[in-house]
$ cat input-v2.pdb   # PDB, C-alpha atoms, pLDDT in the B column
ATOM      1  CA  MET A   1     -11.492 -21.185  47.404  1.00 53.00           C
ATOM      2  CA  ASP A   2     -14.152 -19.582  49.567  1.00 67.00           C
ATOM      3  CA  GLY A   3     -17.745 -20.514  48.693  1.00 75.00           C
ATOM      4  CA  PRO A   4     -19.054 -21.815  45.407  1.00 85.00           C
ATOM      5  CA  PRO A   5     -17.450 -20.517  42.213  1.00 91.00           C
ATOM      6  CA  LYS A   6     -19.184 -17.680  40.387  1.00 96.00           C
ATOM      7  CA  ILE A   7     -20.329 -19.109  37.063  1.00 96.00           C
ATOM      8  CA  ILE A   8     -20.976 -16.582  34.301  1.00 95.00           C
ATOM      9  CA  LYS A   9     -22.933 -17.216  31.105  1.00 95.00           C
ATOM     10  CA  ALA A  10     -20.704 -16.513  28.125  1.00 95.00           C
ATOM     11  CA  THR A  11     -21.746 -14.089  25.402  1.00 94.00           C
ATOM     12  CA  PRO A  12     -20.314 -13.740  21.886  1.00 93.00           C
ATOM     13  CA  GLU A  13     -18.027 -10.990  23.239  1.00 95.00           C
ATOM     14  CA  ASP A  14     -16.439 -13.605  25.535  1.00 95.00           C
ATOM     15  CA  ARG A  15     -15.418 -15.930  22.687  1.00 93.00           C
ATOM     16  CA  GLU A  16     -11.693 -15.050  22.667  1.00 94.00           C
ATOM     17  CA  THR A  17     -11.439 -15.329  26.449  1.00 95.00           C
ATOM     18  CA  CYS A  18     -13.266 -18.666  26.481  1.00 94.00           C
ATOM     19  CA  VAL A  19     -10.930 -20.061  23.836  1.00 94.00           C
ATOM     20  CA  ASP A  20      -7.907 -18.758  25.790  1.00 95.00           C
ATOM     21  CA  ILE A  21      -9.123 -20.684  28.852  1.00 96.00           C
ATOM     22  CA  VAL A  22      -9.457 -23.866  26.788  1.00 94.00           C
ATOM     23  CA  VAL A  23      -5.926 -23.469  25.390  1.00 94.00           C
ATOM     24  CA  ALA A  24      -4.558 -23.187  28.934  1.00 96.00           C
ATOM     25  CA  ALA A  25      -6.700 -26.066  30.205  1.00 95.00           C
ATOM     26  CA  PHE A  26      -5.567 -28.435  27.461  1.00 94.00           C
ATOM     27  CA  ILE A  27      -1.830 -27.738  27.562  1.00 95.00           C
ATOM     28  CA  ALA A  28      -1.201 -31.279  28.890  1.00 94.00           C
ATOM     29  CA  ASP A  29      -4.095 -32.992  27.060  1.00 93.00           C
ATOM     30  CA  PRO A  30      -2.897 -36.368  25.728  1.00 93.00           C
ATOM     31  CA  MET A  31      -4.550 -36.034  22.308  1.00 89.00           C
ATOM     32  CA  LEU A  32      -3.599 -32.427  21.605  1.00 87.00           C
ATOM     33  CA  ARG A  33      -0.020 -32.900  22.731  1.00 89.00           C
ATOM     34  CA  TRP A  34       0.276 -36.093  20.659  1.00 88.00           C
ATOM     35  CA  MET A  35      -0.853 -33.997  17.690  1.00 84.00           C
ATOM     36  CA  MET A  36       1.448 -31.084  18.615  1.00 85.00           C
ATOM     37  CA  PRO A  37       4.261 -32.413  20.833  1.00 89.00           C
ATOM     38  CA  ASP A  38       6.368 -29.251  20.495  1.00 88.00           C
ATOM     39  CA  VAL A  39       5.121 -26.693  23.040  1.00 92.00           C
ATOM     40  CA  SER A  40       5.939 -23.735  20.773  1.00 91.00           C
ATOM     41  CA  ASN A  41       3.858 -25.293  18.000  1.00 87.00           C
ATOM     42  CA  TYR A  42       1.026 -25.944  20.457  1.00 89.00           C
ATOM     43  CA  LEU A  43       1.008 -22.377  21.780  1.00 90.00           C
ATOM     44  CA  LYS A  44       1.227 -20.945  18.259  1.00 89.00           C
ATOM     45  CA  ASN A  45      -1.645 -23.018  16.819  1.00 86.00           C
ATOM     46  CA  ALA A  46      -3.915 -24.161  19.649  1.00 88.00           C
ATOM     47  CA  HIS A  47      -5.998 -20.972  19.765  1.00 87.00           C
ATOM     48  CA  ALA A  48      -7.017 -21.210  16.097  1.00 86.00           C
ATOM     49  CA  GLY A  49      -7.651 -24.948  16.454  1.00 84.00           C
ATOM     50  CA  MET A  50      -9.747 -24.592  19.592  1.00 83.00           C
ATOM     51  CA  ASP A  51     -11.686 -21.683  18.139  1.00 84.00           C
ATOM     52  CA  ALA A  52     -12.588 -23.833  15.112  1.00 82.00           C
ATOM     53  CA  PHE A  53     -13.359 -26.830  17.347  1.00 80.00           C
ATOM     54  CA  ALA A  54     -15.485 -25.130  19.997  1.00 82.00           C
ATOM     55  CA  GLY A  55     -15.701 -21.368  19.419  1.00 79.00           C
ATOM     56  CA  ASN A  56     -19.120 -21.546  17.725  1.00 83.00           C
ATOM     57  CA  ALA A  57     -20.557 -22.748  21.027  1.00 88.00           C
ATOM     58  CA  VAL A  58     -20.211 -19.306  22.602  1.00 89.00           C
ATOM     59  CA  GLU A  59     -22.696 -17.904  20.093  1.00 86.00           C
ATOM     60  CA  HIS A  60     -25.472 -20.301  21.151  1.00 85.00           C
ATOM     61  CA  GLY A  61     -26.333 -19.719  24.786  1.00 80.00           C
ATOM     62  CA  ASN A  62     -25.079 -22.733  26.751  1.00 88.00           C
ATOM     63  CA  SER A  63     -21.490 -21.788  27.447  1.00 93.00           C
ATOM     64  CA  PHE A  64     -20.237 -20.693  30.846  1.00 95.00           C
ATOM     65  CA  TYR A  65     -16.977 -19.642  32.448  1.00 96.00           C
ATOM     66  CA  ILE A  66     -15.781 -19.284  36.019  1.00 97.00           C
ATOM     67  CA  GLU A  67     -15.131 -15.768  37.299  1.00 96.00           C
ATOM     68  CA  GLY A  68     -11.436 -14.991  36.985  1.00 96.00           C
ATOM     69  CA  ASN A  69     -11.253 -17.095  33.799  1.00 96.00           C
ATOM     70  CA  LYS A  70     -10.521 -20.252  35.786  1.00 97.00           C
ATOM     71  CA  GLY A  71     -12.575 -22.676  33.680  1.00 97.00           C
ATOM     72  CA  VAL A  72     -15.040 -22.911  30.812  1.00 97.00           C
ATOM     73  CA  VAL A  73     -17.659 -25.235  29.332  1.00 96.00           C
ATOM     74  CA  LEU A  74     -18.721 -24.883  25.688  1.00 94.00           C
ATOM     75  CA  TRP A  75     -21.765 -26.732  24.299  1.00 95.00           C
ATOM     76  CA  LEU A  76     -23.078 -26.930  20.743  1.00 91.00           C
ATOM     77  CA  PRO A  77     -26.877 -27.245  20.558  1.00 93.00           C
ATOM     78  CA  PRO A  78     -28.625 -29.575  18.130  1.00 92.00           C
ATOM     79  CA  GLY A  79     -27.993 -28.587  14.511  1.00 86.00           C
ATOM     80  CA  VAL A  80     -24.987 -26.328  15.214  1.00 82.00           C
ATOM     81  CA  GLU A  81     -21.698 -27.566  13.795  1.00 77.00           C
ATOM     82  CA  GLN A  82     -18.036 -26.947  14.391  1.00 67.00           C
ATOM     83  CA  ASP A  83     -16.014 -25.068  11.774  1.00 66.00           C
ATOM     84  CA  GLU A  84     -14.785 -28.200   9.969  1.00 71.00           C
ATOM     85  CA  GLU A  85     -12.906 -26.292   7.266  1.00 75.00           C
ATOM     86  CA  ALA A  86     -10.917 -24.242   9.781  1.00 66.00           C
ATOM     87  CA  MET A  87     -10.278 -27.366  11.894  1.00 64.00           C
ATOM     88  CA  GLN A  88      -8.819 -29.235   8.901  1.00 71.00           C
ATOM     89  CA  GLU A  89      -6.741 -26.226   7.904  1.00 70.00           C
ATOM     90  CA  THR A  90      -5.287 -25.857  11.401  1.00 67.00           C
ATOM     91  CA  MET A  91      -4.662 -29.587  11.744  1.00 68.00           C
ATOM     92  CA  GLY A  92      -2.974 -29.742   8.345  1.00 63.00           C
ATOM     93  CA  SER A  93      -0.623 -26.891   9.167  1.00 64.00           C
ATOM     94  CA  SER A  94       0.186 -27.749  12.796  1.00 67.00           C
ATOM     95  CA  ALA A  95      -0.202 -31.481  13.466  1.00 69.00           C
ATOM     96  CA  ASP A  96       2.766 -33.834  13.394  1.00 70.00           C
ATOM     97  CA  MET A  97       2.476 -35.348   9.897  1.00 73.00           C
ATOM     98  CA  GLU A  98       3.679 -38.781  11.083  1.00 79.00           C
ATOM     99  CA  MET A  99       0.632 -39.280  13.251  1.00 78.00           C
ATOM    100  CA  LEU A 100      -1.925 -37.870  10.813  1.00 79.00           C
ATOM    101  CA  PRO A 101      -3.064 -41.251   9.369  1.00 83.00           C
ATOM    102  CA  ASP A 102      -3.618 -42.667  12.885  1.00 87.00           C
ATOM    103  CA  LEU A 103      -5.409 -39.480  13.936  1.00 82.00           C
ATOM    104  CA  MET A 104      -7.755 -39.603  10.954  1.00 83.00           C
ATOM    105  CA  GLN A 105      -8.594 -43.265  11.651  1.00 90.00           C
ATOM    106  CA  VAL A 106      -9.325 -42.697  15.332  1.00 89.00           C
ATOM    107  CA  MET A 107     -11.443 -39.632  14.566  1.00 87.00           C
ATOM    108  CA  GLU A 108     -13.468 -41.633  12.019  1.00 91.00           C
ATOM    109  CA  GLU A 109     -14.067 -44.336  14.610  1.00 94.00           C
ATOM    110  CA  VAL A 110     -15.099 -41.804  17.254  1.00 91.00           C
ATOM    111  CA  GLN A 111     -17.398 -40.110  14.735  1.00 91.00           C
ATOM    112  CA  SER A 112     -19.170 -43.426  14.131  1.00 95.00           C
ATOM    113  CA  TYR A 113     -20.506 -43.219  17.723  1.00 96.00           C
ATOM    114  CA  HIS A 114     -21.851 -39.679  17.299  1.00 93.00           C
ATOM    115  CA  PRO A 115     -25.643 -39.816  17.670  1.00 94.00           C
ATOM    116  CA  LYS A 116     -27.722 -39.365  14.530  1.00 93.00           C
ATOM    117  CA  GLU A 117     -30.754 -38.000  16.397  1.00 94.00           C
ATOM    118  CA  PRO A 118     -30.892 -34.411  17.744  1.00 95.00           C
ATOM    119  CA  HIS A 119     -28.536 -34.008  20.703  1.00 95.00           C
ATOM    120  CA  TRP A 120     -26.296 -31.577  22.545  1.00 95.00           C
ATOM    121  CA  TYR A 121     -22.582 -31.920  21.817  1.00 94.00           C
ATOM    122  CA  LEU A 122     -19.880 -30.975  24.322  1.00 95.00           C
ATOM    123  CA  PRO A 123     -16.739 -30.143  22.355  1.00 92.00           C
ATOM    124  CA  THR A 124     -14.893 -28.990  25.446  1.00 92.00           C
ATOM    125  CA  ILE A 125     -14.876 -28.344  29.149  1.00 96.00           C
ATOM    126  CA  GLY A 126     -11.649 -27.296  30.795  1.00 95.00           C
ATOM    127  CA  VAL A 127     -10.110 -25.717  33.858  1.00 96.00           C
ATOM    128  CA  ASP A 128      -6.901 -23.701  33.948  1.00 96.00           C
ATOM    129  CA  PRO A 129      -4.228 -26.042  35.407  1.00 96.00           C
ATOM    130  CA  ALA A 130      -3.628 -23.547  38.233  1.00 96.00           C
ATOM    131  CA  TYR A 131      -7.190 -24.237  39.458  1.00 96.00           C
ATOM    132  CA  GLN A 132      -7.668 -27.919  38.690  1.00 94.00           C
ATOM    133  CA  GLY A 133      -8.711 -30.258  41.486  1.00 92.00           C
ATOM    134  CA  MET A 134     -11.056 -27.710  43.109  1.00 94.00           C
ATOM    135  CA  GLY A 135     -14.350 -29.034  41.700  1.00 94.00           C
ATOM    136  CA  LEU A 136     -14.665 -26.281  39.093  1.00 96.00           C
ATOM    137  CA  GLY A 137     -15.189 -28.713  36.201  1.00 95.00           C
ATOM    138  CA  ALA A 138     -17.991 -30.435  38.124  1.00 96.00           C
ATOM    139  CA  ALA A 139     -19.610 -27.060  38.893  1.00 96.00           C
ATOM    140  CA  LEU A 140     -19.488 -26.059  35.219  1.00 96.00           C
ATOM    141  CA  MET A 141     -20.927 -29.399  34.128  1.00 96.00           C
ATOM    142  CA  LYS A 142     -23.770 -29.236  36.657  1.00 95.00           C
ATOM    143  CA  GLU A 143     -24.752 -25.708  35.613  1.00 94.00           C
ATOM    144  CA  SER A 144     -24.585 -26.349  31.878  1.00 95.00           C
ATOM    145  CA  LEU A 145     -26.514 -29.627  32.021  1.00 96.00           C
ATOM    146  CA  LYS A 146     -29.579 -27.686  33.205  1.00 94.00           C
ATOM    147  CA  VAL A 147     -30.080 -26.387  29.656  1.00 92.00           C
ATOM    148  CA  VAL A 148     -29.457 -29.818  28.116  1.00 93.00           C
ATOM    149  CA  ASP A 149     -31.937 -31.462  30.485  1.00 94.00           C
ATOM    150  CA  ALA A 150     -34.574 -28.781  29.872  1.00 94.00           C
ATOM    151  CA  ASP A 151     -34.451 -29.826  26.197  1.00 92.00           C
ATOM    152  CA  ARG A 152     -34.898 -33.498  27.177  1.00 94.00           C
ATOM    153  CA  LEU A 153     -32.233 -34.490  24.659  1.00 95.00           C
ATOM    154  CA  PRO A 154     -29.205 -36.764  24.854  1.00 96.00           C
ATOM    155  CA  ALA A 155     -25.709 -35.333  25.144  1.00 97.00           C
ATOM    156  CA  PHE A 156     -22.486 -36.563  23.537  1.00 97.00           C
ATOM    157  CA  LEU A 157     -18.780 -35.926  24.071  1.00 97.00           C
ATOM    158  CA  GLU A 158     -15.415 -37.462  23.284  1.00 95.00           C
ATOM    159  CA  SER A 159     -12.965 -37.600  26.165  1.00 96.00           C
ATOM    160  CA  SER A 160      -9.392 -37.090  25.007  1.00 92.00           C
ATOM    161  CA  ASN A 161      -8.050 -37.684  28.510  1.00 93.00           C
ATOM    162  CA  PRO A 162      -8.773 -40.932  30.393  1.00 92.00           C
ATOM    163  CA  ALA A 163      -8.380 -39.029  33.671  1.00 92.00           C
ATOM    164  CA  ASN A 164     -11.610 -37.131  32.908  1.00 94.00           C
ATOM    165  CA  VAL A 165     -13.851 -40.112  32.151  1.00 96.00           C
ATOM    166  CA  SER A 166     -14.876 -40.523  35.809  1.00 95.00           C
ATOM    167  CA  LEU A 167     -16.030 -36.867  35.984  1.00 95.00           C
ATOM    168  CA  TYR A 168     -18.250 -37.410  32.963  1.00 97.00           C
ATOM    169  CA  MET A 169     -19.608 -40.662  34.365  1.00 97.00           C
ATOM    170  CA  ARG A 170     -20.582 -38.910  37.604  1.00 97.00           C
ATOM    171  CA  HIS A 171     -22.730 -36.614  35.467  1.00 97.00           C
ATOM    172  CA  GLY A 172     -24.511 -39.437  33.654  1.00 97.00           C
ATOM    173  CA  PHE A 173     -22.319 -40.003  30.593  1.00 98.00           C
ATOM    174  CA  GLU A 174     -21.701 -43.622  29.612  1.00 98.00           C
ATOM    175  CA  PRO A 175     -18.565 -44.762  27.765  1.00 98.00           C
ATOM    176  CA  LEU A 176     -19.396 -46.268  24.369  1.00 97.00           C
ATOM    177  CA  ALA A 177     -15.912 -47.462  23.356  1.00 96.00           C
ATOM    178  CA  GLN A 178     -12.204 -46.869  23.666  1.00 95.00           C
ATOM    179  CA  CYS A 179     -10.777 -45.752  20.339  1.00 94.00           C
ATOM    180  CA  GLN A 180      -7.034 -45.823  19.750  1.00 93.00           C
ATOM    181  CA  ARG A 181      -4.644 -46.149  16.794  1.00 90.00           C
ATOM    182  CA  GLY A 182      -0.878 -46.577  16.617  1.00 87.00           C
ATOM    183  CA  LYS A 183       0.923 -44.776  19.423  1.00 85.00           C
ATOM    184  CA  GLY A 184      -1.915 -42.319  19.891  1.00 87.00           C
ATOM    185  CA  PRO A 185      -3.846 -41.817  23.116  1.00 92.00           C
ATOM    186  CA  VAL A 186      -7.225 -43.366  23.840  1.00 94.00           C
ATOM    187  CA  MET A 187     -10.347 -41.420  22.877  1.00 94.00           C
ATOM    188  CA  THR A 188     -13.565 -42.320  24.694  1.00 97.00           C
ATOM    189  CA  PRO A 189     -16.868 -41.407  23.034  1.00 97.00           C
ATOM    190  CA  MET A 190     -19.531 -40.983  25.725  1.00 97.00           C
ATOM    191  CA  LEU A 191     -23.310 -40.601  25.628  1.00 98.00           C
ATOM    192  CA  ARG A 192     -25.657 -39.224  28.260  1.00 98.00           C
ATOM    193  CA  PRO A 193     -29.220 -40.371  27.666  1.00 96.00           C
ATOM    194  CA  ALA A 194     -31.991 -37.798  27.644  1.00 94.00           C
ATOM    195  CA  GLN A 195     -33.138 -37.106  31.185  1.00 89.00           C
ATOM    196  CA  LYS A 196     -36.882 -37.565  31.722  1.00 76.00           C
TER
END

$ encode --input "input-v2.pdb" --output "C-alpha cells"
Amino acid sequence: MDGPPKIIKATPEDRETCVDIVVAAFIADPMLRWMMPDVSNYLKNAHAGMDAFAGNAVEHGNSFYIEGNKGVVLWLPPGVEQDEEAMQETMGSSADMEMLPDLMQVMEEVQSYHPKEPHWYLPTIGVDPAYQGMGLGAALMKESLKVVDADRLPAFLESSNPANVSLYMRHGFEPLAQCQRGKGPVMTPMLRPAQK
C-alpha cells in the first residue's frame, strides 16, 4: 500500500456497503462463526444480523470506511441504540440452537459491564481479510476516536476476537473481564476512559 489509506466519512447512503464490509471482515470471527458454523448460513444471515447490530451507526456521523471498501468503523453515539428486535429475530432464525443458552448467558454478562453513564459504543470495526495486517484497523480507530475525544466521553466495546484486544489496548481501551460460557469463545468487554 502506497501512502496512508484514504478514510472516507460514511453517509446514510453508504449503509449497505459498510455492512457488506463488516460481513467480509467477520467471516472468521470466533463468536459469529460459533453462532453460525455453517458458512452458507453465515453468508445468508450475516448481513441482516450486522445491519441490526451496527447499521444504525452510519446514520449518526462517526462511521468511516477505507477507500476501495477495505475496512470500516461504525460507532453509536450516546443515546443511540442497536435494533434489538431485528437482532433477536436474526439470531433466533440463524444461530445454532444448541449454543443459544450459552450465548444468552455470555451476552448478559458482557452487558453487565456496559457503562450506565453517557458514552460512545463501538459495535464494530473490521477490515476485509484481503487487506488485514496493513494497519487499516489502527488508521480507522485513530480517525474515529477524534470525534469520541472531542465529546470528552468514555468509549465501550466488546471484543469477540482475542486477537484484536491488543489493537484496542493500543488505543486506550482497558479489558474489564473475560466472559465465556460452555464451548463458546471468549468475549472481552473493554472501556476507554474519557480523554481530558

$ closest_residue --input "input-v2.pdb" --among "A:Gly184, A:Gly172, A:Pro4, A:Gly126" --to "Asn69 of chain A" --atoms "all atoms listed in the file"
A:Gly126

$ residues_around --input "input-v2.pdb" --residues "segment 106-112 of chain A" --least-positions-apart "6" --cutoff "9 Å" --atoms "all atoms listed in the file" --output "list in words"
Glu158, Ala177, Gln178, Cys179, Gln180, Arg181, Gly184, Val186, Met187, Thr188 and Pro189 of chain A

$ residues_around --input "input-v2.pdb" --residues "Pro175 of chain A" --least-positions-apart "4" --cutoff "10 Å" --atoms "only C-alpha atoms" --output "PDB file with C-alpha atoms, keeping the file's coordinate frame"
ATOM      1  CA  LEU A 157     -18.780 -35.926  24.071  1.00 97.00           C
ATOM      2  CA  GLU A 158     -15.415 -37.462  23.284  1.00 95.00           C
ATOM      3  CA  SER A 159     -12.965 -37.600  26.165  1.00 96.00           C
ATOM      4  CA  VAL A 165     -13.851 -40.112  32.151  1.00 96.00           C
ATOM      5  CA  SER A 166     -14.876 -40.523  35.809  1.00 95.00           C
ATOM      6  CA  TYR A 168     -18.250 -37.410  32.963  1.00 97.00           C
ATOM      7  CA  MET A 169     -19.608 -40.662  34.365  1.00 97.00           C
ATOM      8  CA  THR A 188     -13.565 -42.320  24.694  1.00 97.00           C
ATOM      9  CA  PRO A 189     -16.868 -41.407  23.034  1.00 97.00           C
ATOM     10  CA  MET A 190     -19.531 -40.983  25.725  1.00 97.00           C
ATOM     11  CA  LEU A 191     -23.310 -40.601  25.628  1.00 98.00           C
ATOM     12  CA  ARG A 192     -25.657 -39.224  28.260  1.00 98.00           C
TER      13      ARG A 192
END

$ closest_residue --input "input-v2.pdb" --among "A:Ile27, A:Leu167, A:Ile125, A:Met104" --to "Asn45 of chain A" --atoms "only C-alpha atoms"
A:Ile27

$ residues_around --input "input-v2.pdb" --residues "Phe26 of chain A" --least-positions-apart "3" --cutoff "9 Å" --atoms "all atoms listed in the file" --output "list of chain:residue names"
A:Ile21, A:Val22, A:Val23, A:Asp29, A:Pro30, A:Leu32, A:Arg33, A:Gly126, A:Val127, A:Asp128, A:Pro129

$ resolve_selection --input "input-v2.pdb" --expression "the PyMOL selection byres ((chain A and resi 57-63) around 6)" --output "list in words"
Ala10, Pro12, Arg15, Ala54, Gly55, Asn56, Phe64, Val73, Leu74, Trp75 and Leu76 of chain A

$ write_last_selection --input "input-v2.pdb" --atoms "C-alpha atoms" --output "mmCIF file, in the frame of the given file"
data_model
loop_
_atom_site.group_PDB
_atom_site.id
_atom_site.type_symbol
_atom_site.label_atom_id
_atom_site.label_comp_id
_atom_site.auth_asym_id
_atom_site.auth_seq_id
_atom_site.Cartn_x
_atom_site.Cartn_y
_atom_site.Cartn_z
ATOM 1 C CA ALA A 10 -20.704 -16.513 28.125
ATOM 2 C CA PRO A 12 -20.314 -13.740 21.886
ATOM 3 C CA ARG A 15 -15.418 -15.930 22.687
ATOM 4 C CA ALA A 54 -15.485 -25.130 19.997
ATOM 5 C CA GLY A 55 -15.701 -21.368 19.419
ATOM 6 C CA ASN A 56 -19.120 -21.546 17.725
ATOM 7 C CA PHE A 64 -20.237 -20.693 30.846
ATOM 8 C CA VAL A 73 -17.659 -25.235 29.332
ATOM 9 C CA LEU A 74 -18.721 -24.883 25.688
ATOM 10 C CA TRP A 75 -21.765 -26.732 24.299
ATOM 11 C CA LEU A 76 -23.078 -26.930 20.743
#
